[in-house]
Amino acid sequence: MGITFWIASLPLFSFLLAGFGSLFNVPSFKKRSHYFGLIAVGISLILSFKVLLSVLGGEVLRETWFNWVVSGALSANFGGFVDSLTAVMLVVVNFISFLVHLYSIGYMEGDPGYDRFFAYLGLFTFSMLTLVLSPNFLQLFFGWEAVGLSSYLLIGFWYKRKRAADAAIKAFLMNRVGDFLFILGIVAVFWLFGSLDFDGVFSQVSKVPGKDLSIIALLLLGGAVGKSAQFPLHTWLADAMEGPTPISALIHAATMVAAGVFMIARCWPIYDGSSVLPVVGVIGVITAFGAATIGLTQFDIKRILAYSTLSQLGYMFAALGSGAYVFAMFHLFTHAFFKALLFLGSGSVIHALEGEQDIRKMGGLYKYMKITTITFVIGALALVGIPPLAGFFSKDKIIMASFSNGHKLWWLFLTLGALLTALYMGRLIFMVFFGEERFGERERRHLHESPPVMTIPLIVLAVPSVLAGFLEGWFTDFLKRSVPNHLLELPHGLELTLALITVSLALLGLVISSLFYLWKKISPQIITENPLIRPLYLVVYNKYYFDEIYYFLFVKGVGFTFGRLLSFIDKYVIDGIVNALAYITKFTGEFLRFSQTGLVNAYVLYFLFGVLIIVAIIWLV
Amino acid sequence: MSVYPLFILSAFLFSLGFFGVILRRNLISLFFSLELILNSANVLLVGFSKLHGNPFGELFVFFVLAVAAAEAAVGLAIVVSLYRFKKSVNSEDYTFLRW
């Protein structure tokens with residue numbers, strides 16, 4: 001027990017209370033279910049700050065809650081292990097979760113599943129806190145799976161919509177692919193190290209050959225790729241937009257997708273000892289660049305943000321891949337704030353337009369929703385990386401780290417990705433908040449700024465989105481206590497040039513997008529309708545046909561063809577054997593029953609034959 | 001005195017009884033044939049008792065005879081009740097327990 005136990009279990013109590021109300025349909029609980037979550041996560045947040053302070057003082061908390069598994073050499077406790085990495089994650093997760101709770105009061109108002117929603121929120125927060133607190137691989141896996149489960153429940157929250165239910169199943173199955181590799185990795189860890197405790201494993205890393213470490217690192221990476229939605233397991237994240245918008249904020253900012261990055265940073269000794277880091281980086285760069293291009297072509301406000309999350313997670317993986325673990329965590333830290341802000345802001349827009357998500361039917365919203373517009377623009381500029389907002393510091397560090405650690409090609413694509421980020425975010429802002437109004441008369445009458453319970457989280461999140469970048473020095477020093485930051489120093493002038501390139505590309509992106517969408521100097525149709533570019537546009541618009549390829553390969557290919565084959569084998573081979581056995585027995589019996597004459601003398605004759613056969617056998621053998 | 005004629009006698013009695021059980025259809029004859037099989041065992045007991053010079057075998061025969069007497073009484077009683085049941089002592093008339 002101890003403070004970490006309460007940090008993790010308070011949201012669980014909120015889940016149990018709200019879930020109790022939801023399950024037994026207690027009306028007095030239903031209206032109040034948000035209080036459970038707010039109070040529990042609020043206290044948890046305060047405790048997290050307390051833990052952060054004590055960790056700042058140089059302490060490393062190791063608490064054992066209770067013994068979970070003891071089996072032979074395998075022994076695992078539930079416990080809390082808080083070094084600087086976990087302390088930061090605790091604060092971020094609880095902070096975002098608290099604001100999402102607050103926001104959901106307004107956003108989910110009147111929804112029939114109000115109490116169920118808050119129950120799931122509590123479960124989600126609990127899962128993620130358990131994950132980041134884990135002192136061993138088994139608890140990490142528990143949190144890992146619990147996060148997957150709660151994301152499934154929340155993506156499919158409106159389960160009566162087929163698309164939502166399908167998206168939930170898709171997210172769960174995609175995650176299973178990664179989780180399967182992850183559990184193999186954990187088994188490999190236990191096999192090689194004979195222990196699952198982080199301390200025990202990481203202290204013995206140097207004794208294990210690099211090839212074995214690489215295998216473990218690759219398997220664990222598989223889990224991270226699934227959970228953090230990296231190429232090639234990225235397709236679930238965009239579909240996860242079917243869930244309620246606060247959930248998207250929670251998933252994208254703090255709880256779900258951060259788990260992969262956190263896990264790799266936590267397992268840095270394994271990754272440092274292996275030769276897998278370039279693979280991590282390449283996956284990250286592919287995702288960062290590819291997702292950004294897709295984001296450029298989408299029309300659903302939440303999907304654009306989803307692809308931007310994919311892209312930003314790609315940046316984090318690229319940072320991990322170039323060995324700059326701290327910068328990856330720093331980007332995770334700043335990204336949490338502005339991505340939560342952006343999603344909550346988009347939720348505010350969707351709320352105002354009664355569920356409209358197509359940006360072609362928006363425009364000119366700044367007149368109607370001032371607070372949302374201002375905060376959203378702050379979040380977008382932070383994401384684009386305009387100094388001095390938070391995203392500039394973290395993203396620039398990642399781009400610089402990839403350059404200085406010798407990955408020039410990564411650097412090129414990441415810088416281009418920064419340009420693309422500016423393009424799609426500029427397009428999003430100009431199409432949603434500025435320009436002519438493209439919504440109907442009915443929506444106009446309904447248009448309104450969201451209630452304070454929704455705008456306050458936006459304002460609160462805007463503050464760290466602006467200021468978190470200035471924490472860079474403090475953050476880097478703090479995290480370096482538990483995670484290394486492999487970085488070759490660059491000459492100061494070159495460093496400045498790189499930053500200038502990134503920033504000017506981001507500004508250029510914004511200018512280009514305003515040319516297209518704000519001032520209407522160029523029509524986007526020139527590009528999309530151009531016969532030379534159109535095929536390329538269609539490929540990108542259809543997300544590189546990944547869904548179709550997977551559908552063809554796995555649903556059609558494995559599912560139908562292989563399934564048919566298996567069904568054939570089952571029907572005719574397996575069932576055939578069983579049925580044949582039954583028929584043989586039956587016919588033998590039908591035939592043999594005629595020997596049962598009922599005549600005593602005949603039985604004696606059989607007896608004689610039996611004796612003779614036994615005698616013959618004894619004689620011969 | 002050699003005991004081997006006793007063994008041969010026993011084998012002869014056993015075979016006679018066995019073929020009787022297989023071939024006769026009259027329940028009484030069947031029953032007698034069974035008694036022959038039993039007594040072939042008695043003869044064998046006596047023979048081995050002589051061979052090994054151990055009187056317990058011969059003693060045991062008396063017990064067997066006593067049991068056989070009781071068994072014969074039970075057996076004949078069954079035959080009588082069967083006769084009352086179907087007015088027949090032919091085993092071919094008692095084949096209800098067949099397929």
# chains A, B, ... in the order shown; residues from 1 in each chain; ligands from 1
$ interface_residues --of "chain A" --to "chain B" --cutoff "6 Å" --atoms "only C-alpha atoms" --output "PyMOL selection string"
chain A and resi 593+596-599+601
$ atom_distance --atom1 "CA of Leu38 (chain A)" --atom2 "CA of Pro246 (chain A)"
14.4 Å
$ residues_around --residues "region 107-112 of chain A" --least-positions-apart "6" --cutoff "9 Å" --atoms "only C-alpha atoms" --output "JSON list (two decimals) with N, CA and C atoms, in the first residue's frame"
[["chain", "number", "residue", "atom", "x", "y", "z"],
["A", 244, "PRO", "N", -17.00, 8.87, -28.40],
["A", 244, "PRO", "CA", -17.27, 10.25, -28.01],
["A", 244, "PRO", "C", -15.98, 11.07, -28.03],
["A", 245, "THR", "N", -16.08, 12.34, -28.35],
["A", 245, "THR", "CA", -14.89, 13.17, -28.53],
["A", 245, "THR", "C", -14.01, 13.27, -27.29],
["A", 246, "PRO", "N", -14.56, 13.39, -26.07],
["A", 246, "PRO", "CA", -13.66, 13.44, -24.91],
["A", 246, "PRO", "C", -12.76, 12.21, -24.82],
["A", 347, "GLY", "N", -14.47, 18.88, -30.15],
["A", 347, "GLY", "CA", -15.72, 18.41, -29.52],
["A", 347, "GLY", "C", -16.67, 19.57, -29.30],
["A", 348, "SER", "N", -16.11, 20.71, -28.89],
["A", 348, "SER", "CA", -16.93, 21.89, -28.68],
["A", 348, "SER", "C", -17.60, 22.32, -29.98],
["A", 351, "HIS", "N", -20.23, 19.79, -30.85],
["A", 351, "HIS", "CA", -21.35, 19.99, -29.95],
["A", 351, "HIS", "C", -22.22, 21.15, -30.43],
["A", 450, "SER", "N", -19.95, 26.88, -26.23],
["A", 450, "SER", "CA", -20.21, 25.78, -25.29],
["A", 450, "SER", "C", -20.31, 26.32, -23.86],
["A", 453, "VAL", "N", -18.48, 24.71, -18.42],
["A", 453, "VAL", "CA", -17.88, 23.44, -17.98],
["A", 453, "VAL", "C", -17.06, 22.83, -19.11],
["A", 454, "MET", "N", -17.35, 23.22, -20.36],
["A", 454, "MET", "CA", -16.55, 22.73, -21.47],
["A", 454, "MET", "C", -15.45, 23.71, -21.86]]
$ select_by_dssp --residues "region 300-475 of chain A" --states "alpha helix (DSSP H)" --output "MDAnalysis selection string"
chainID A and resid 301:321 325:352 370:384 390:404 408:433 441:446 452:467 472:475
$ atom_distance --atom1 "CA of Ser40 (chain B)" --atom2 "CA of Phe12 (chain B)"
8.0 Å
$ atom_distance --atom1 "CA of Leu219 (chain A)" --atom2 "CA of Gly185 (chain A)"
4.8 Å
$ decode --residues "region 70-147 of chain A" --atoms "C-alpha atoms" --output "tab-separated table (two decimals), in the first residue's frame"
chain	number	residue	atom	x	y	z
A	70	VAL	CA	4.12	-16.69	-7.10
A	71	SER	CA	4.84	-19.73	-9.20
A	72	GLY	CA	8.25	-21.36	-9.12
A	73	ALA	CA	10.84	-18.80	-10.09
A	74	LEU	CA	8.12	-16.45	-11.29
A	75	SER	CA	7.07	-13.92	-8.73
A	76	ALA	CA	5.30	-10.68	-9.42
A	77	ASN	CA	3.85	-8.05	-7.15
A	78	PHE	CA	1.37	-5.34	-7.78
A	79	GLY	CA	3.19	-2.25	-6.81
A	80	GLY	CA	4.18	1.26	-7.58
A	81	PHE	CA	7.55	2.23	-8.96
A	82	VAL	CA	7.92	5.96	-9.39
A	83	ASP	CA	11.03	7.48	-10.86
A	84	SER	CA	11.04	10.74	-12.74
A	85	LEU	CA	9.60	9.09	-15.88
A	86	THR	CA	6.59	7.73	-14.04
A	87	ALA	CA	6.12	10.87	-11.95
A	88	VAL	CA	5.72	12.97	-15.08
A	89	MET	CA	3.35	10.46	-16.64
A	90	LEU	CA	1.25	10.34	-13.47
A	91	VAL	CA	0.74	14.08	-13.50
A	92	VAL	CA	-0.01	14.19	-17.22
A	93	VAL	CA	-2.47	11.30	-17.13
A	94	ASN	CA	-4.33	12.59	-14.11
A	95	PHE	CA	-4.33	16.17	-15.34
A	96	ILE	CA	-5.77	15.31	-18.76
A	97	SER	CA	-8.16	12.79	-17.26
A	98	PHE	CA	-9.45	15.34	-14.77
A	99	LEU	CA	-10.09	17.92	-17.46
A	100	VAL	CA	-11.74	15.32	-19.67
A	101	HIS	CA	-14.01	14.39	-16.78
A	102	LEU	CA	-14.92	18.02	-16.32
A	103	TYR	CA	-15.49	18.54	-20.01
A	104	SER	CA	-17.60	15.41	-20.36
A	105	ILE	CA	-20.15	16.80	-17.92
A	106	GLY	CA	-21.08	19.29	-20.61
A	107	TYR	CA	-20.42	17.17	-23.65
A	108	MET	CA	-22.23	14.04	-22.55
A	109	GLU	CA	-25.14	15.89	-20.96
A	110	GLY	CA	-28.42	14.16	-21.65
A	111	ASP	CA	-26.79	11.08	-23.10
A	112	PRO	CA	-28.59	7.95	-21.94
A	113	GLY	CA	-25.26	6.34	-21.08
A	114	TYR	CA	-24.05	9.25	-18.95
A	115	ASP	CA	-23.16	7.17	-15.89
A	116	ARG	CA	-21.73	4.33	-17.96
A	117	PHE	CA	-19.47	6.85	-19.66
A	118	PHE	CA	-18.04	8.09	-16.39
A	119	ALA	CA	-17.59	4.54	-15.17
A	120	TYR	CA	-15.52	3.72	-18.25
A	121	LEU	CA	-13.53	6.93	-17.85
A	122	GLY	CA	-12.58	5.84	-14.36
A	123	LEU	CA	-11.59	2.41	-15.60
A	124	PHE	CA	-9.51	3.94	-18.38
A	125	THR	CA	-7.66	6.22	-15.99
A	126	PHE	CA	-7.08	3.39	-13.55
A	127	SER	CA	-5.67	1.19	-16.31
A	128	MET	CA	-3.24	3.79	-17.51
A	129	LEU	CA	-2.11	4.65	-13.99
A	130	THR	CA	-1.51	0.98	-13.25
A	131	LEU	CA	0.47	0.76	-16.45
A	132	VAL	CA	2.77	3.68	-15.72
A	133	LEU	CA	3.23	2.69	-12.08
A	134	SER	CA	4.20	-0.89	-12.86
A	135	PRO	CA	7.40	-2.13	-11.28
A	136	ASN	CA	7.49	-5.29	-13.38
A	137	PHE	CA	6.54	-6.55	-16.80
A	138	LEU	CA	3.51	-8.45	-15.58
A	139	GLN	CA	1.78	-5.42	-14.13
A	140	LEU	CA	2.79	-3.51	-17.24
A	141	PHE	CA	1.02	-6.17	-19.26
A	142	PHE	CA	-2.01	-6.00	-16.99
A	143	GLY	CA	-2.26	-2.25	-17.49
A	144	TRP	CA	-1.57	-2.72	-21.17
A	145	GLU	CA	-4.50	-5.06	-21.60
A	146	ALA	CA	-6.77	-3.06	-19.31
A	147	VAL	CA	-6.10	0.03	-21.41
